[in-house]
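Here's start_22.txt, which has compact mmCIF, C-alpha atoms and all ligand atoms:
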# COMPACT_ATOMS: atom_id res chain seq x y z
CA MET K 1 181.79 161.68 34.26
CA LYS K 2 180.80 158.45 36.02
CA LYS K 3 183.22 155.59 35.35
CA LEU K 4 182.81 151.92 36.35
CA ILE K 5 186.00 150.78 38.13
CA ALA K 6 185.02 147.38 39.59
CA GLU K 7 182.08 145.04 39.36
CA ASN K 8 180.80 141.68 40.55
CA LYS K 9 177.41 139.96 40.67
CA LEU K 10 176.09 141.99 43.59
CA LYS K 11 178.07 145.24 43.50
CA SER K 12 179.34 147.89 41.09
CA VAL K 13 181.93 150.50 42.04
CA TYR K 14 181.86 153.86 40.21
CA LEU K 15 184.29 156.78 40.21
CA ASP K 16 182.73 160.20 39.84
CA GLY K 17 184.32 163.57 40.66
CA GLY K 18 186.90 162.37 43.17
CA LYS K 19 184.41 160.12 44.93
CA VAL K 20 183.80 156.40 44.76
CA THR K 21 180.28 154.97 45.00
CA LYS K 22 179.72 151.29 45.71
CA VAL K 23 176.24 150.43 44.45
CA PHE K 24 174.65 147.26 45.84
CA ASP K 25 172.23 145.04 43.96
CA LYS K 26 168.55 145.32 44.95
CA LYS K 27 168.78 141.78 46.35
CA TYR K 28 171.46 142.90 48.82
CA ASN K 29 170.36 142.95 52.43
CA LYS K 30 169.85 146.52 53.66
CA SER K 31 171.30 145.67 57.07
CA ASP K 32 174.49 144.35 55.41
CA VAL K 33 174.98 147.66 53.58
CA LEU K 34 174.37 149.67 56.74
CA TYR K 35 176.72 147.38 58.69
CA GLU K 36 179.46 147.93 56.09
CA ALA K 37 179.03 151.71 56.37
CA LEU K 38 178.98 151.66 60.19
CA ASN K 39 181.96 149.32 60.44
CA THR K 40 183.97 151.46 58.01
CA ALA K 41 183.11 154.58 60.02
CA ARG K 42 184.30 152.83 63.18
CA VAL K 43 187.64 152.03 61.52
CA GLU K 44 187.89 155.69 60.54
CA ASP K 45 187.15 156.66 64.17
CA ALA K 46 189.95 154.32 65.28
CA GLY K 47 192.31 156.62 63.39
CA ALA K 48 193.37 154.29 60.58
CA LYS K 49 194.47 155.86 57.31
CA ILE K 50 191.53 154.90 55.08
CA PRO K 51 189.32 156.69 52.51
CA LYS K 52 186.76 158.77 54.38
CA LEU K 53 183.16 157.59 54.25
CA LEU K 54 181.05 160.39 52.76
CA SER K 55 177.45 159.19 52.49
CA VAL K 56 175.00 156.30 52.44
CA ASP K 57 172.13 156.65 49.95
CA VAL K 58 169.21 154.74 48.49
CA THR K 59 167.70 155.21 45.01
CA ASP K 60 164.78 153.08 43.86
CA GLY K 61 165.55 150.52 46.57
CA GLN K 62 169.19 150.29 45.56
CA TRP K 63 171.58 151.14 48.41
CA SER K 64 175.00 152.72 47.92
CA ILE K 65 178.00 153.85 49.95
CA THR K 66 180.13 156.80 48.81
CA SER K 67 183.69 157.41 49.99
CA GLU K 68 186.80 159.36 48.97
CA TYR K 69 188.63 158.05 45.92
CA VAL K 70 192.17 156.75 46.38
CA GLU K 71 194.16 157.09 43.19
CA GLY K 72 196.52 154.38 42.04
CA PRO K 73 196.77 150.73 41.04
CA THR K 74 195.76 147.91 43.35
CA LEU K 75 198.62 145.86 44.77
CA THR K 76 197.45 142.96 42.56
CA GLU K 77 197.97 145.11 39.45
CA LEU K 78 201.33 146.34 40.71
CA ILE K 79 202.69 142.85 41.48
CA LYS K 80 201.67 141.78 37.98
CA LYS K 81 203.39 144.77 36.35
CA TYR K 82 206.62 144.68 38.42
CA PRO K 83 207.09 141.04 39.58
CA ALA K 84 210.75 141.69 40.41
CA LYS K 85 209.70 144.20 43.10
CA VAL K 86 207.48 141.75 44.98
CA ASP K 87 209.74 141.61 48.08
CA GLU K 88 209.68 145.38 48.42
CA TYR K 89 205.86 145.39 47.96
CA ILE K 90 205.37 142.73 50.62
CA ASN K 91 207.47 144.73 53.09
CA LYS K 92 205.31 147.81 52.43
CA MET K 93 202.16 145.73 52.87
CA VAL K 94 203.39 144.51 56.26
CA GLU K 95 204.49 148.02 57.26
CA TYR K 96 201.01 149.42 56.55
CA GLN K 97 199.29 146.53 58.35
CA VAL K 98 201.53 146.82 61.44
CA GLU K 99 200.74 150.55 61.52
CA PHE K 100 196.95 150.10 61.54
CA GLN K 101 197.24 147.26 64.05
CA LYS K 102 198.34 149.93 66.55
CA LYS K 103 194.81 151.41 66.30
CA SER K 104 191.69 150.13 67.99
CA ASN K 105 188.01 150.86 68.60
CA PRO K 106 186.11 149.10 71.41
CA LEU K 107 182.90 149.30 69.33
CA LEU K 108 184.21 146.95 66.64
CA LEU K 109 183.11 143.29 66.73
CA VAL K 110 185.46 141.06 68.70
CA LEU K 111 187.36 138.81 66.27
CA LYS K 112 187.27 135.75 68.56
CA ASP K 113 183.46 135.98 68.84
CA LYS K 114 183.13 136.24 65.07
CA LEU K 115 185.47 133.27 64.49
CA HIS K 116 183.53 131.21 67.05
CA ARG K 117 180.26 131.98 65.27
CA GLN K 118 181.68 131.08 61.87
CA ILE K 119 183.23 127.80 63.05
CA ASP K 120 180.06 126.91 64.94
CA SER K 121 178.00 127.39 61.75
CA LEU K 122 180.00 124.77 59.81
CA THR K 123 178.04 121.65 58.99
CA ASN K 124 180.60 119.94 56.75
CA ILE K 125 183.40 119.20 59.24
CA ASP K 126 183.31 116.44 61.83
CA SER K 127 182.50 117.28 65.43
CA SER K 128 185.91 116.33 66.85
CA THR K 129 187.70 118.70 64.42
CA LYS K 130 185.21 121.42 65.33
CA TYR K 131 185.84 120.82 69.03
CA GLU K 132 189.62 120.94 68.54
CA LEU K 133 189.37 124.22 66.60
CA GLU K 134 187.13 125.80 69.23
CA THR K 135 189.40 124.70 72.07
CA ARG K 136 192.38 126.12 70.24
CA LEU K 137 190.53 129.39 69.61
CA ASP K 138 189.62 129.67 73.32
CA SER K 139 193.27 129.26 74.28
CA MET K 140 194.42 132.19 72.09
CA HIS K 141 195.22 135.56 73.69
CA ASN K 142 192.56 138.25 73.72
CA HIS K 143 193.86 141.39 72.00
CA THR K 144 192.07 144.50 70.77
CA LYS K 145 194.14 145.44 67.74
CA LEU K 146 192.47 146.64 64.55
CA CYS K 147 192.18 143.69 62.15
CA HIS K 148 191.12 144.20 58.51
CA GLY K 149 189.67 140.73 57.90
CA ASP K 150 190.20 140.80 54.12
CA PHE K 151 193.65 142.34 53.76
CA CYS K 152 194.59 141.09 50.30
CA PRO K 153 196.27 142.77 47.28
CA ASP K 154 192.88 143.54 45.62
CA ASN K 155 191.89 145.64 48.62
CA ILE K 156 195.14 147.62 48.78
CA ILE K 157 195.64 150.74 46.64
CA ALA K 158 199.19 151.95 46.04
CA ASP K 159 200.59 155.43 45.57
CA VAL K 160 203.56 154.79 43.25
CA ASP K 161 206.30 156.73 41.52
CA LYS K 162 207.02 156.36 37.78
CA ASP K 163 209.31 153.35 38.38
CA GLY K 164 206.72 151.41 40.36
CA ASN K 165 208.16 152.18 43.81
CA ILE K 166 205.52 152.46 46.52
CA LYS K 167 205.24 155.82 48.28
CA GLY K 168 202.25 154.82 50.42
CA LEU K 169 199.40 152.33 50.71
CA THR K 170 195.71 152.59 51.58
CA ALA K 171 193.39 149.67 52.24
CA VAL K 172 189.73 149.70 51.18
CA ASP K 173 186.87 147.27 51.88
CA TRP K 174 186.77 147.36 55.71
CA VAL K 175 183.46 145.52 56.05
CA HIS K 176 185.11 142.57 57.83
CA ALA K 177 187.15 144.69 60.27
CA THR K 178 187.22 143.60 63.91
CA GLN K 179 189.28 144.08 67.08
CA GLY K 180 191.47 141.13 67.96
CA ASN K 181 194.79 139.36 67.72
CA ALA K 182 197.12 140.79 65.06
CA SER K 183 198.55 137.34 64.28
CA ALA K 184 195.08 136.08 63.36
CA ASP K 185 194.80 138.82 60.73
CA ILE K 186 198.28 137.89 59.45
CA ALA K 187 197.28 134.20 59.21
CA ASN K 188 194.14 135.27 57.33
CA THR K 189 196.15 137.29 54.78
CA TYR K 190 198.58 134.37 54.44
CA LEU K 191 195.63 132.18 53.41
CA LEU K 192 194.26 134.84 51.07
CA LEU K 193 197.67 135.06 49.35
CA LYS K 194 197.79 131.25 49.00
CA LEU K 195 194.27 131.31 47.53
CA GLN K 196 195.15 134.12 45.11
CA TYR K 197 198.62 133.04 43.95
CA GLY K 198 198.38 129.27 44.42
CA GLU K 199 200.02 126.91 46.87
CA ALA K 200 203.27 126.75 44.92
CA SER K 201 203.85 130.51 45.10
CA ASP K 202 206.11 131.75 47.91
CA ILE K 203 204.47 135.19 48.17
CA ALA K 204 202.43 134.14 51.23
CA ASP K 205 205.52 132.69 52.97
CA LYS K 206 207.55 135.82 52.24
CA TYR K 207 204.72 137.87 53.70
CA MET K 208 204.55 135.85 56.92
CA ASP K 209 208.33 135.95 57.30
CA ALA K 210 208.34 139.72 56.74
CA PHE K 211 205.71 140.21 59.48
CA CYS K 212 207.54 137.97 61.96
CA LYS K 213 210.81 139.78 61.30
CA ALA K 214 209.31 143.28 61.51
CA THR K 215 207.49 142.58 64.79
CA ASN K 216 209.81 140.02 66.37
CA THR K 217 206.96 137.50 66.43
CA GLN K 218 207.54 133.74 66.54
CA LYS K 219 206.25 132.08 63.40
CA THR K 220 204.40 129.39 65.36
CA TYR K 221 202.39 132.14 67.05
CA VAL K 222 200.95 133.03 63.61
CA THR K 223 200.69 129.51 62.19
CA THR K 224 198.63 128.33 65.20
CA TRP K 225 195.87 130.57 63.83
CA LEU K 226 195.92 129.01 60.35
CA PRO K 227 193.46 126.11 60.93
CA ILE K 228 191.12 128.51 62.77
CA VAL K 229 191.01 131.19 60.07
CA ALA K 230 190.80 128.52 57.36
CA ALA K 231 187.74 126.98 59.09
CA ALA K 232 186.12 130.39 59.50
CA ARG K 233 186.60 131.10 55.80
CA LEU K 234 185.07 127.76 54.92
CA ALA K 235 181.83 129.17 56.33
CA LYS K 236 181.68 131.47 53.26
CA ASP K 237 181.08 128.33 51.20
CA ASN K 238 183.16 129.29 48.12
CA LYS K 239 183.35 126.05 46.16
CA GLU K 240 186.71 126.83 44.53
CA GLU K 241 188.36 127.45 47.93
CA LYS K 242 187.06 124.28 49.63
CA ASP K 243 189.99 121.90 48.94
CA LEU K 244 192.72 124.27 50.00
CA LEU K 245 190.86 125.41 53.12
CA GLU K 246 190.12 121.84 54.23
CA LYS K 247 193.79 121.06 53.84
CA TRP K 248 194.77 124.01 56.07
CA ILE K 249 192.18 123.07 58.69
CA ASN K 250 193.84 119.70 59.04
CA VAL K 251 197.38 121.03 59.27
CA VAL K 252 197.17 121.15 63.03
CA ASP K 253 200.89 121.23 63.76
CA PHE K 254 202.02 123.41 60.87
CA GLN K 255 205.57 124.72 61.37
N1 LIG Y 301 187.85 154.40 47.85
C1 LIG Y 301 188.32 153.76 46.78
N2 LIG Y 301 189.27 154.33 46.01
C2 LIG Y 301 189.76 153.68 44.93
N3 LIG Y 301 189.36 152.47 44.53
C3 LIG Y 301 188.41 151.85 45.25
C4 LIG Y 301 187.84 152.45 46.41
N4 LIG Y 301 186.92 151.60 46.93
C5 LIG Y 301 186.92 150.52 46.13
N5 LIG Y 301 187.80 150.65 45.11
C6 LIG Y 301 188.09 149.69 44.04
O1 LIG Y 301 186.95 148.88 43.84
C7 LIG Y 301 187.25 147.50 44.16
C8 LIG Y 301 186.04 146.84 44.82
O2 LIG Y 301 185.70 147.54 45.99
P1 LIG Y 301 185.59 146.80 47.39
O3 LIG Y 301 186.83 146.04 47.64
O4 LIG Y 301 185.17 147.81 48.39
O5 LIG Y 301 184.36 145.85 47.08
P2 LIG Y 301 184.20 144.28 47.27
O6 LIG Y 301 183.07 144.12 48.15
O7 LIG Y 301 185.47 143.62 47.66
O8 LIG Y 301 183.86 143.81 45.87
P3 LIG Y 301 184.64 142.63 45.13
O9 LIG Y 301 183.99 141.42 45.64
O10 LIG Y 301 184.43 142.94 43.69
O11 LIG Y 301 186.09 142.73 45.51
C9 LIG Y 301 188.49 147.55 45.03
O12 LIG Y 301 189.23 146.37 44.93
C10 LIG Y 301 189.23 148.76 44.45
O13 LIG Y 301 189.94 148.39 43.30
MG MG Y 302 187.34 144.05 47.91
Would you write out, as structure tokens, the structure that this file holds?
Amino acid sequence: MKKLIAENKLKSVYLDGGKVTKVFDKKYNKSDVLYEALNTARVEDAGAKIPKLLSVDVTDGQWSITSEYVEGPTLTELIKKYPAKVDEYINKMVEYQVEFQKKSNPLLLVLKDKLHRQIDSLTNIDSSTKYELETRLDSMHNHTKLCHGDFCPDNIIADVDKDGNIKGLTAVDWVHATQGNASADIANTYLLLKLQYGEASDIADKYMDAFCKATNTQKTYVTTWLPIVAAARLAKDNKEEKDLLEKWINVVDFQ
């Protein structure tokens, strides 16, 4: 029987017979739905461990994407249920991310191009800040690693044992995936964790530290991306995120 598992203004996600169908509102742009399906298929082709895309359909002008169902709680639900295990969960999150960062597909959008476009579209930051951000972006290394683009606890499904220990993770929602610099994707998740859990929470800092330790990466290499990814996210124009993002854009020499 069809069961609603997630919903927002423009999308509803249903579970039916081991498959998940994301149904888009009639107002949703057809090309955006087809892009999401194509991008997800390209991530699958890259060899990342993600739910397989099964079909794209349209009924009465309403588009939908069907993929395999991944059973288990989201990482958001798990952190809420077992707060004492948060360090272990963060390590697993980093482990999974580092694993898919080893994959790549030359057909994915190039992250630097996408960030440039997003920063260029901003009308509410002054031109010298915009110039500084674009110069900084140009100076960053070109990589081709698989980046998720929205790697946050809501988009991560966990396979857990009865005590809440993670046996494996799977990320969903690959519409924003690109090829680029792994540290940019880490900086993006850092921001998403700050936005979700609040500035005072140390979850985001633990996450960045765990990545740097696991990959022997200097923290400044990741933090240099923070103003750039914050500016790019500002282009989404979410009112409730504006203050925090503007603050991160201006933290030019974050340590
Ligand atoms: N293949 C799947 N298996 C299990 N659960 C899924 C699957 N795909 C999506 N979900 C669940 O549905 C939720 C919403 O799906 P998704 O992240 O793809 O949409 P979204 O565009 O982010 O929508 P929202 O803005 O509501 O987060 C996910 O956070 C997850 O809980
Ligand atoms: Mg999502």
Next on the checklist: Taking only C-alpha atoms and all ligand atoms into account, name the residue in K:Asp173, K:Asp202, K:Asp185, K:Glu134 that is nearest to ligand LIG 301 (chain Y).
Outcome noted: K:Asp173
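Reported to one decimal place, the separation of atom CA of Lys9 of chain K from atom O9 of ligand LIG 301 (chain Y) is 8.4 Å.
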Checklist entry - Once you count only C-alpha atoms and all ligand atoms, which residues end up within 7 Å of ligand MG 302 (chain Y), and could you hand them over as a list in words? => result Asp154, Asn155, Val172 and Asp173 of chain K
Please build the interface table for chain K against ligand LIG 301 (chain Y) with a cut-off of 6 Å, listing for each qualifying residue the nearest atom pair and the distance in Å to one decimal; count all atoms listed in the file, order rows by chain and increasing number, and write it as a Markdown table.
| residue | atom | partner | partner_atom | distance |
| --- | --- | --- | --- | --- |
| K:Ala6 | CA | Y:LIG301 | O1 | 4.9 |
| K:Glu7 | CA | Y:LIG301 | O10 | 5.4 |
| K:Asn8 | CA | Y:LIG301 | O10 | 5.0 |
| K:Val13 | CA | Y:LIG301 | O1 | 5.6 |
| K:Val20 | CA | Y:LIG301 | N1 | 5.5 |
| K:Pro51 | CA | Y:LIG301 | N1 | 5.4 |
| K:Ser67 | CA | Y:LIG301 | N1 | 5.6 |
| K:Glu68 | CA | Y:LIG301 | N1 | 5.2 |
| K:Tyr69 | CA | Y:LIG301 | N2 | 3.8 |
| K:Val70 | CA | Y:LIG301 | N2 | 3.8 |
| K:Glu71 | CA | Y:LIG301 | C2 | 5.8 |
| K:Thr74 | CA | Y:LIG301 | O13 | 5.8 |
| K:Asp154 | CA | Y:LIG301 | O12 | 4.7 |
| K:Asn155 | CA | Y:LIG301 | O12 | 4.6 |
| K:Val172 | CA | Y:LIG301 | N4 | 5.4 |
| K:Asp173 | CA | Y:LIG301 | O4 | 3.9 |
Could the residues in this selection be saved with C-alpha atoms as a compact mmCIF listing (two decimals), keeping the file's coordinate frame?
# COMPACT_ATOMS: atom_id res chain seq x y z
CA ALA K 6 185.02 147.38 39.59
CA GLU K 7 182.08 145.04 39.36
CA ASN K 8 180.80 141.68 40.55
CA VAL K 13 181.93 150.50 42.04
CA VAL K 20 183.80 156.40 44.76
CA PRO K 51 189.32 156.69 52.51
CA SER K 67 183.69 157.41 49.99
CA GLU K 68 186.80 159.36 48.97
CA TYR K 69 188.63 158.05 45.92
CA VAL K 70 192.17 156.75 46.38
CA GLU K 71 194.16 157.09 43.19
CA THR K 74 195.76 147.91 43.35
CA ASP K 154 192.88 143.54 45.62
CA ASN K 155 191.89 145.64 48.62
CA VAL K 172 189.73 149.70 51.18
CA ASP K 173 186.87 147.27 51.88
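Shortest atom-to-atom contact with Asp32 of chain K among K:Ser128, K:Ser64, K:Gln218, K:Thr170: K:Ser64, counting only C-alpha atoms.
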Around the point (192.0, 136.8, 54.8), in the coordinates given by the file, pick out the residues reaching within 8 Å, counting all atoms listed in the file, and return them as a PDB file with C-alpha atoms, in the coordinates of the input.
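Full text of point.pdb as output:
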ATOM      1  CA  GLY K 149     189.670 140.730  57.900  1.00  0.00           C
ATOM      2  CA  ASP K 150     190.200 140.800  54.120  1.00  0.00           C
ATOM      3  CA  PHE K 151     193.650 142.340  53.760  1.00  0.00           C
ATOM      4  CA  CYS K 152     194.590 141.090  50.300  1.00  0.00           C
ATOM      5  CA  ASP K 185     194.800 138.820  60.730  1.00  0.00           C
ATOM      6  CA  ILE K 186     198.280 137.890  59.450  1.00  0.00           C
ATOM      7  CA  ALA K 187     197.280 134.200  59.210  1.00  0.00           C
ATOM      8  CA  ASN K 188     194.140 135.270  57.330  1.00  0.00           C
ATOM      9  CA  THR K 189     196.150 137.290  54.780  1.00  0.00           C
ATOM     10  CA  TYR K 190     198.580 134.370  54.440  1.00  0.00           C
ATOM     11  CA  LEU K 191     195.630 132.180  53.410  1.00  0.00           C
ATOM     12  CA  LEU K 192     194.260 134.840  51.070  1.00  0.00           C
ATOM     13  CA  VAL K 229     191.010 131.190  60.070  1.00  0.00           C
ATOM     14  CA  ARG K 233     186.600 131.100  55.800  1.00  0.00           C
TER      15      ARG K 233
END
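Atom CA of Leu169 of chain K lies 20.5 Å from atom CA of Tyr14 of chain K.
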Checklist outcome for this item: Restricting to all atoms listed in the file, whichever of K:Leu10, K:Leu108, K:Val98, K:Leu15 is closest to Asp45 of chain K is K:Leu108
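Take the candidates K:Asp87, K:Glu199, K:Asp237, K:Glu44 and check each one against Ile166 of chain K using only C-alpha atoms; the shortest distance goes to K:Asp87.
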Item to check | Answer as number ranges by chain, residues within 12 Å of (188.2, 119.2, 66.9) using all atoms listed in the file | outcome: K: 119-120, 125-137, 227-228, 231, 249-250, 252
Checklist entry - What lies within 9 Å of His141 of chain K using all atoms listed in the file, ignoring chain neighbours under 3 positions off, as number ranges by chain? => result K: 137-138, 180-181
Item to check | Residues near Asn39 of chain K, cut-off 12 Å, only C-alpha atoms, skip fewer than 2 positions along chain, as a VMD selection string | outcome: chain K and resid 31 to 37 41 to 46 53 105 to 109 146 to 149 173 to 179
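With all atoms listed in the file as the atoms that count, the residue of K:Lys213, K:Lys19, K:Lys145, K:Lys167 with the shortest distance to Lys52 of chain K is K:Lys19.
Interatomic distance, atom CA of His143 of chain K against atom CA of Lys102 of chain K: 11.1 Å.
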Next on the checklist: For Tyr96 of chain K, find every residue with an atom within 10 Å (counting all atoms listed in the file), except residues of its own chain fewer than 6 positions away, and show them as a PyMOL selection string.
Outcome noted: chain K and resi 48-49+90+156+168-171
